[in-house]
Amino acid sequence: MYSKLLTLVTLLCLSMCGYAQNPIELAQRANNYFMAKWSDPTAPTNFKKLRPSNLWTRGVYYEGLMALNEVAPEARYMEYVDKWGAFHKWDVYGGKYTTVDADHQCCAQTYMARYNMIGGAEKYAAIQKNFDNQVANVAPHCWTWIDAIQMAMPAFAMMTQITGDRKYLDYAMKSYLWTRDSCGGGLFNIPEGLWWRDKNFVAPYKESDGKNCYWSRGNGWVYAALCRTMSTLDKKDPYFKQLKKDYLLMTKALEQLQREDGFWNASLASQDYAGPELSGTSLFLYGMAWGVNNGLLKRSKYQPILDKAWQACATCVHDDGFLGYVQGSGDRPASSQPCTYVREPDFDDYGLGCFLLGATEYAKSR
């Protein structure tokens with residue numbers, strides 16, 4: 001009897017542990033924590049100064065929320081999105097004539113995704129004016145940091161998808177290729193399959209151990225952007241083929257740099273600031289899971305990598321939904337250190353957005 005009871009208790013514990021690791025359950029827990037804290041989506045963020053809630057950090061969060069709603073829809077999620085978007089008149093951060101800062105355009109991805117769900121041209125009208133102004137008046141040489149690729153490239157591609165006008169996609173690809181091949185001599189180190197964050201980090205810049213400085217979250221932004229942009233394209237499109245080539249180069253590099261515990265270091269190729277970090281790891285989980293789900297990567301090879309990455313991400317979720325090991329804002333591995341399980345980052349939204357993207361895409365791969 002005792003043996004049977006012990007077995008039953010053991011199985012129950014294992015079952016509970018398995019449930020706790022369920023990606024959708026953990027995604028919902030983390031999101032519930034955030035939505036309770038920010039019950040009014042129109043309220044400005046307040047780190048050192050007040051900023052309107054359509055800034056880039058919140059834009060990344062809403063990308064994740066849209067992904068969560070796709071796999072586990074709840075009416076309150078879209079009510080939250082609609083209240084936020086309507087408050088900002090479905091316009092970019094800084095107004096429709098902001099053209100030089102891709103960060104300000106990040107929110108456009110969610111606006112257009114919502115349009116794709118329920119229609120309403122007002123959801124992209126202001127964005128289109130912004131993009132038209134940029135295409136007409138700004139040379140495609142303004143993405144001088146790799147974060148910009150995620151903030152803006154998928155949005156320009158989505159505008160082409162909605163309007164049928166290829167000029168937006170053409171502009172985005174010219175901008176991407178300029179950043180890739182020309183900015184600072186080219187920010188994509190093709191032989192190593194990784195990106196320098198901006199021209200300040202191109203070799204001979206090194207970490208203290210002599211390794212090149214490849215920032216995890218910066219590379220995660222590019223990796224996610226490649227997936228999100230390819231999602232709008234026909235696989236026969238020459239742009240798809242270009243982005244797929246870069247995606248596979250990055251994948252090959254990243255798979256070799258994953259830590260035994262499933263995380264990636266904040267400095268990908270270096271032991272400087274080594275340790276758990278959620279935002280970059282979540283973006284790599286998202287990108288690799290997307291590749292498996294869309295037939296670009298072999299499941300037999302990459303599912304174990306995904307499983308290990310997910311287990312790492314799952315350890316970051318506190319019982320109340322707070323996310324640990326999120327590196328705060330910055331531009332390099334050294335920014336906002338130390339990155340710990342209990343330290344709250346300066347912005348509490350983009351790390352969650354990355355986590356929701358990774359968790360939901362992983363859930364599709366299982």
# chains A, B, ... in the order shown; residues from 1 in each chain; ligands from 1

call {"tool": "residues_around", "arguments": {"residues": "Pro23 of chain A", "least_positions_apart": "4", "cutoff": "10 Å", "atoms": "only C-alpha atoms", "output": "PyMOL selection string"}}
result
chain A and resi 19+27-29+310-311+313-314+355-356+358-364

call {"tool": "write_last_selection", "arguments": {"atoms": "N, CA, C and O atoms", "output": "PDB file, in the first residue's frame"}}
result
ATOM      1  N   TYR A  19       3.102  20.200 -15.960  1.00  0.00           N
ATOM      2  CA  TYR A  19       2.153  21.278 -16.218  1.00  0.00           C
ATOM      3  C   TYR A  19       2.825  22.633 -16.048  1.00  0.00           C
ATOM      4  O   TYR A  19       2.613  23.558 -16.829  1.00  0.00           O
ATOM      5  N   ALA A  27       3.342  31.201 -20.363  1.00  0.00           N
ATOM      6  CA  ALA A  27       3.140  32.450 -21.104  1.00  0.00           C
ATOM      7  C   ALA A  27       1.948  33.217 -20.539  1.00  0.00           C
ATOM      8  O   ALA A  27       1.999  34.443 -20.359  1.00  0.00           O
ATOM      9  N   GLN A  28       0.861  32.518 -20.258  1.00  0.00           N
ATOM     10  CA  GLN A  28      -0.320  33.171 -19.695  1.00  0.00           C
ATOM     11  C   GLN A  28      -0.023  33.724 -18.306  1.00  0.00           C
ATOM     12  O   GLN A  28      -0.474  34.820 -17.964  1.00  0.00           O
ATOM     13  N   ARG A  29       0.732  32.981 -17.515  1.00  0.00           N
ATOM     14  CA  ARG A  29       1.061  33.445 -16.164  1.00  0.00           C
ATOM     15  C   ARG A  29       1.870  34.737 -16.228  1.00  0.00           C
ATOM     16  O   ARG A  29       1.571  35.712 -15.510  1.00  0.00           O
ATOM     17  N   TRP A 310      13.820  25.905 -24.160  1.00  0.00           N
ATOM     18  CA  TRP A 310      12.576  26.153 -23.437  1.00  0.00           C
ATOM     19  C   TRP A 310      12.726  25.878 -21.957  1.00  0.00           C
ATOM     20  O   TRP A 310      12.238  26.639 -21.114  1.00  0.00           O
ATOM     21  N   GLN A 311      13.371  24.794 -21.610  1.00  0.00           N
ATOM     22  CA  GLN A 311      13.568  24.495 -20.193  1.00  0.00           C
ATOM     23  C   GLN A 311      14.324  25.616 -19.495  1.00  0.00           C
ATOM     24  O   GLN A 311      14.058  25.941 -18.331  1.00  0.00           O
ATOM     25  N   CYS A 313      14.262  28.840 -20.456  1.00  0.00           N
ATOM     26  CA  CYS A 313      13.329  29.962 -20.347  1.00  0.00           C
ATOM     27  C   CYS A 313      12.327  29.742 -19.220  1.00  0.00           C
ATOM     28  O   CYS A 313      11.972  30.680 -18.487  1.00  0.00           O
ATOM     29  N   ALA A 314      11.864  28.512 -19.070  1.00  0.00           N
ATOM     30  CA  ALA A 314      10.859  28.216 -18.049  1.00  0.00           C
ATOM     31  C   ALA A 314      11.375  28.492 -16.647  1.00  0.00           C
ATOM     32  O   ALA A 314      10.593  28.862 -15.752  1.00  0.00           O
ATOM     33  N   PHE A 355       9.675  36.676 -24.586  1.00  0.00           N
ATOM     34  CA  PHE A 355       9.303  35.406 -23.969  1.00  0.00           C
ATOM     35  C   PHE A 355       8.022  34.848 -24.581  1.00  0.00           C
ATOM     36  O   PHE A 355       7.925  33.642 -24.867  1.00  0.00           O
ATOM     37  N   LEU A 356       7.032  35.706 -24.801  1.00  0.00           N
ATOM     38  CA  LEU A 356       5.775  35.240 -25.391  1.00  0.00           C
ATOM     39  C   LEU A 356       5.986  34.737 -26.815  1.00  0.00           C
ATOM     40  O   LEU A 356       5.390  33.727 -27.218  1.00  0.00           O
ATOM     41  N   GLY A 358       8.760  33.400 -28.015  1.00  0.00           N
ATOM     42  CA  GLY A 358       9.454  32.118 -27.920  1.00  0.00           C
ATOM     43  C   GLY A 358       8.551  31.002 -27.419  1.00  0.00           C
ATOM     44  O   GLY A 358       8.531  29.901 -27.975  1.00  0.00           O
ATOM     45  N   ALA A 359       7.801  31.283 -26.360  1.00  0.00           N
ATOM     46  CA  ALA A 359       6.948  30.246 -25.752  1.00  0.00           C
ATOM     47  C   ALA A 359       5.874  29.769 -26.718  1.00  0.00           C
ATOM     48  O   ALA A 359       5.610  28.560 -26.834  1.00  0.00           O
ATOM     49  N   THR A 360       5.235  30.700 -27.417  1.00  0.00           N
ATOM     50  CA  THR A 360       4.122  30.312 -28.287  1.00  0.00           C
ATOM     51  C   THR A 360       4.607  29.593 -29.544  1.00  0.00           C
ATOM     52  O   THR A 360       3.970  28.635 -29.995  1.00  0.00           O
ATOM     53  N   GLU A 361       5.729  30.039 -30.107  1.00  0.00           N
ATOM     54  CA  GLU A 361       6.236  29.350 -31.299  1.00  0.00           C
ATOM     55  C   GLU A 361       6.754  27.969 -30.926  1.00  0.00           C
ATOM     56  O   GLU A 361       6.580  27.000 -31.685  1.00  0.00           O
ATOM     57  N   TYR A 362       7.355  27.862 -29.743  1.00  0.00           N
ATOM     58  CA  TYR A 362       7.795  26.548 -29.268  1.00  0.00           C
ATOM     59  C   TYR A 362       6.613  25.612 -29.073  1.00  0.00           C
ATOM     60  O   TYR A 362       6.672  24.424 -29.408  1.00  0.00           O
ATOM     61  N   ALA A 363       5.519  26.162 -28.524  1.00  0.00           N
ATOM     62  CA  ALA A 363       4.333  25.329 -28.299  1.00  0.00           C
ATOM     63  C   ALA A 363       3.837  24.733 -29.610  1.00  0.00           C
ATOM     64  O   ALA A 363       3.360  23.590 -29.641  1.00  0.00           O
ATOM     65  N   LYS A 364       3.961  25.471 -30.696  1.00  0.00           N
ATOM     66  CA  LYS A 364       3.543  24.955 -32.001  1.00  0.00           C
ATOM     67  C   LYS A 364       4.448  23.832 -32.490  1.00  0.00           C
ATOM     68  O   LYS A 364       4.023  22.991 -33.287  1.00  0.00           O
TER      69      LYS A 364
END

call {"tool": "residues_around", "arguments": {"residues": "Ser216 of chain A", "least_positions_apart": "6", "cutoff": "8 Å", "atoms": "only C-alpha atoms", "output": "list in words"}}
result
Trp264, Asn265, Ala266, Ser267, Leu268, Gly280, Thr281 and Pro333 of chain A

call {"tool": "closest_residue", "arguments": {"among": "A:Tyr247, A:Tyr239, A:Tyr124, A:Tyr111", "to": "Asp170 of chain A", "atoms": "only C-alpha atoms"}}
result
A:Tyr239

call {"tool": "select_by_dssp", "arguments": {"residues": "segment 135-252 of chain A", "states": "strand (DSSP E or B)", "output": "list of chain:residue names"}}
result
A:Trp145, A:Phe188, A:Asn189, A:Leu194, A:Trp195, A:Asp198, A:Lys206, A:Asn212, A:Trp215

call {"tool": "closest_residue", "arguments": {"among": "A:Ala269, A:Ala43, A:Val60, A:Ala157", "to": "Leu254 of chain A", "atoms": "only C-alpha atoms"}}
result
A:Ala269

call {"tool": "residues_around", "arguments": {"residues": "segment 73-82 of chain A", "least_positions_apart": "2", "cutoff": "10 Å", "atoms": "only C-alpha atoms", "output": "PDB file with N, CA and C atoms, in the first residue's frame"}}
result
ATOM      1  N   ASN A  31       2.045  36.852 -18.699  1.00  0.00           N
ATOM      2  CA  ASN A  31       1.234  37.923 -19.273  1.00  0.00           C
ATOM      3  C   ASN A  31       0.205  38.444 -18.277  1.00  0.00           C
ATOM      4  N   MET A  35      -0.373  42.338 -17.298  1.00  0.00           N
ATOM      5  CA  MET A  35      -1.637  43.024 -17.534  1.00  0.00           C
ATOM      6  C   MET A  35      -2.265  43.504 -16.222  1.00  0.00           C
ATOM      7  N   SER A  39      -2.865  47.697 -15.970  1.00  0.00           N
ATOM      8  CA  SER A  39      -4.269  47.457 -16.315  1.00  0.00           C
ATOM      9  C   SER A  39      -4.779  48.448 -17.348  1.00  0.00           C
ATOM     10  N   ASP A  40      -4.187  49.630 -17.392  1.00  0.00           N
ATOM     11  CA  ASP A  40      -4.558  50.627 -18.395  1.00  0.00           C
ATOM     12  C   ASP A  40      -3.471  50.672 -19.467  1.00  0.00           C
ATOM     13  N   PRO A  41      -3.726  50.138 -20.665  1.00  0.00           N
ATOM     14  CA  PRO A  41      -2.687  50.098 -21.692  1.00  0.00           C
ATOM     15  C   PRO A  41      -2.332  51.469 -22.257  1.00  0.00           C
ATOM     16  N   THR A  42      -3.107  52.481 -21.934  1.00  0.00           N
ATOM     17  CA  THR A  42      -2.804  53.825 -22.442  1.00  0.00           C
ATOM     18  C   THR A  42      -1.862  54.595 -21.529  1.00  0.00           C
ATOM     19  N   TYR A  62       3.549  43.812 -27.483  1.00  0.00           N
ATOM     20  CA  TYR A  62       2.321  43.519 -28.209  1.00  0.00           C
ATOM     21  C   TYR A  62       2.539  42.502 -29.328  1.00  0.00           C
ATOM     22  N   LEU A  65       2.050  39.451 -27.402  1.00  0.00           N
ATOM     23  CA  LEU A  65       0.655  39.249 -27.025  1.00  0.00           C
ATOM     24  C   LEU A  65      -0.166  38.750 -28.209  1.00  0.00           C
ATOM     25  N   MET A  66       0.093  39.285 -29.395  1.00  0.00           N
ATOM     26  CA  MET A  66      -0.615  38.806 -30.584  1.00  0.00           C
ATOM     27  C   MET A  66      -0.293  37.327 -30.843  1.00  0.00           C
ATOM     28  N   ALA A  67       0.957  36.949 -30.603  1.00  0.00           N
ATOM     29  CA  ALA A  67       1.341  35.547 -30.788  1.00  0.00           C
ATOM     30  C   ALA A  67       0.634  34.655 -29.771  1.00  0.00           C
ATOM     31  N   LEU A  68       0.533  35.125 -28.523  1.00  0.00           N
ATOM     32  CA  LEU A  68      -0.170  34.349 -27.497  1.00  0.00           C
ATOM     33  C   LEU A  68      -1.640  34.204 -27.865  1.00  0.00           C
ATOM     34  N   ASN A  69      -2.244  35.268 -28.332  1.00  0.00           N
ATOM     35  CA  ASN A  69      -3.664  35.211 -28.698  1.00  0.00           C
ATOM     36  C   ASN A  69      -3.909  34.245 -29.852  1.00  0.00           C
ATOM     37  N   GLU A  70      -2.919  34.084 -30.716  1.00  0.00           N
ATOM     38  CA  GLU A  70      -3.073  33.168 -31.845  1.00  0.00           C
ATOM     39  C   GLU A  70      -3.223  31.728 -31.388  1.00  0.00           C
ATOM     40  N   VAL A  71      -2.500  31.349 -30.331  1.00  0.00           N
ATOM     41  CA  VAL A  71      -2.542  29.953 -29.883  1.00  0.00           C
ATOM     42  C   VAL A  71      -3.494  29.735 -28.714  1.00  0.00           C
ATOM     43  N   TRP A  84      -5.349  50.278 -26.654  1.00  0.00           N
ATOM     44  CA  TRP A  84      -4.006  50.855 -26.835  1.00  0.00           C
ATOM     45  C   TRP A  84      -3.871  51.518 -28.205  1.00  0.00           C
ATOM     46  N   GLY A  85      -4.215  50.786 -29.257  1.00  0.00           N
ATOM     47  CA  GLY A  85      -4.062  51.312 -30.599  1.00  0.00           C
ATOM     48  C   GLY A  85      -4.945  52.522 -30.855  1.00  0.00           C
ATOM     49  N   ALA A  86      -6.196  52.449 -30.428  1.00  0.00           N
ATOM     50  CA  ALA A  86      -7.125  53.562 -30.652  1.00  0.00           C
ATOM     51  C   ALA A  86      -6.673  54.811 -29.905  1.00  0.00           C
ATOM     52  N   PHE A  87      -6.155  54.624 -28.699  1.00  0.00           N
ATOM     53  CA  PHE A  87      -5.667  55.766 -27.918  1.00  0.00           C
ATOM     54  C   PHE A  87      -4.575  56.518 -28.669  1.00  0.00           C
ATOM     55  N   HIS A  88      -3.717  55.775 -29.343  1.00  0.00           N
ATOM     56  CA  HIS A  88      -2.616  56.381 -30.103  1.00  0.00           C
ATOM     57  C   HIS A  88      -3.000  56.686 -31.550  1.00  0.00           C
ATOM     58  N   TRP A  90      -3.642  54.776 -33.802  1.00  0.00           N
ATOM     59  CA  TRP A  90      -2.970  53.824 -34.675  1.00  0.00           C
ATOM     60  C   TRP A  90      -1.792  54.490 -35.405  1.00  0.00           C
ATOM     61  N   THR A 110       1.974  45.490 -34.784  1.00  0.00           N
ATOM     62  CA  THR A 110       0.751  45.055 -34.112  1.00  0.00           C
ATOM     63  C   THR A 110      -0.477  45.719 -34.726  1.00  0.00           C
ATOM     64  N   TYR A 111      -0.369  46.989 -35.066  1.00  0.00           N
ATOM     65  CA  TYR A 111      -1.502  47.661 -35.705  1.00  0.00           C
ATOM     66  C   TYR A 111      -1.926  46.913 -36.966  1.00  0.00           C
ATOM     67  N   ARG A 114      -3.466  43.532 -36.375  1.00  0.00           N
ATOM     68  CA  ARG A 114      -4.862  43.665 -35.962  1.00  0.00           C
ATOM     69  C   ARG A 114      -5.756  43.969 -37.168  1.00  0.00           C
ATOM     70  N   LYS A 123      -6.306  51.480 -39.133  1.00  0.00           N
ATOM     71  CA  LYS A 123      -5.230  50.822 -38.401  1.00  0.00           C
ATOM     72  C   LYS A 123      -3.889  50.875 -39.135  1.00  0.00           C
TER      73      LYS A 123
END

call {"tool": "closest_residue", "arguments": {"among": "A:Asp181, A:Glu255, A:Asp348, A:Asp101", "to": "Leu306 of chain A", "atoms": "only C-alpha atoms"}}
result
A:Glu255

call {"tool": "closest_residue", "arguments": {"among": "A:Gly330, A:Gly185, A:Pro140, A:Gly295", "to": "Arg217 of chain A", "atoms": "only C-alpha atoms"}}
result
A:Gly330

call {"tool": "closest_residue", "arguments": {"among": "A:Ile118, A:Leu50, A:Ile146, A:Val135", "to": "Thr179 of chain A", "atoms": "only C-alpha atoms"}}
result
A:Ile146

call {"tool": "residues_around", "arguments": {"residues": "Leu323 of chain A", "least_positions_apart": "3", "cutoff": "10 Å", "atoms": "only C-alpha atoms", "output": "PyMOL selection string"}}
result
chain A and resi 30-31+33-34+278-279+313-320+326+341-345+348+351-352+355

call {"tool": "atom_distance", "arguments": {"atom1": "atom CA of Asp331 of chain A", "atom2": "atom CA of Leu177 of chain A"}}
result
21.0 Å

call {"tool": "closest_residue", "arguments": {"among": "A:Phe201, A:Tyr325, A:Tyr168, A:Phe263", "to": "Asp307 of chain A", "atoms": "only C-alpha atoms"}}
result
A:Phe263
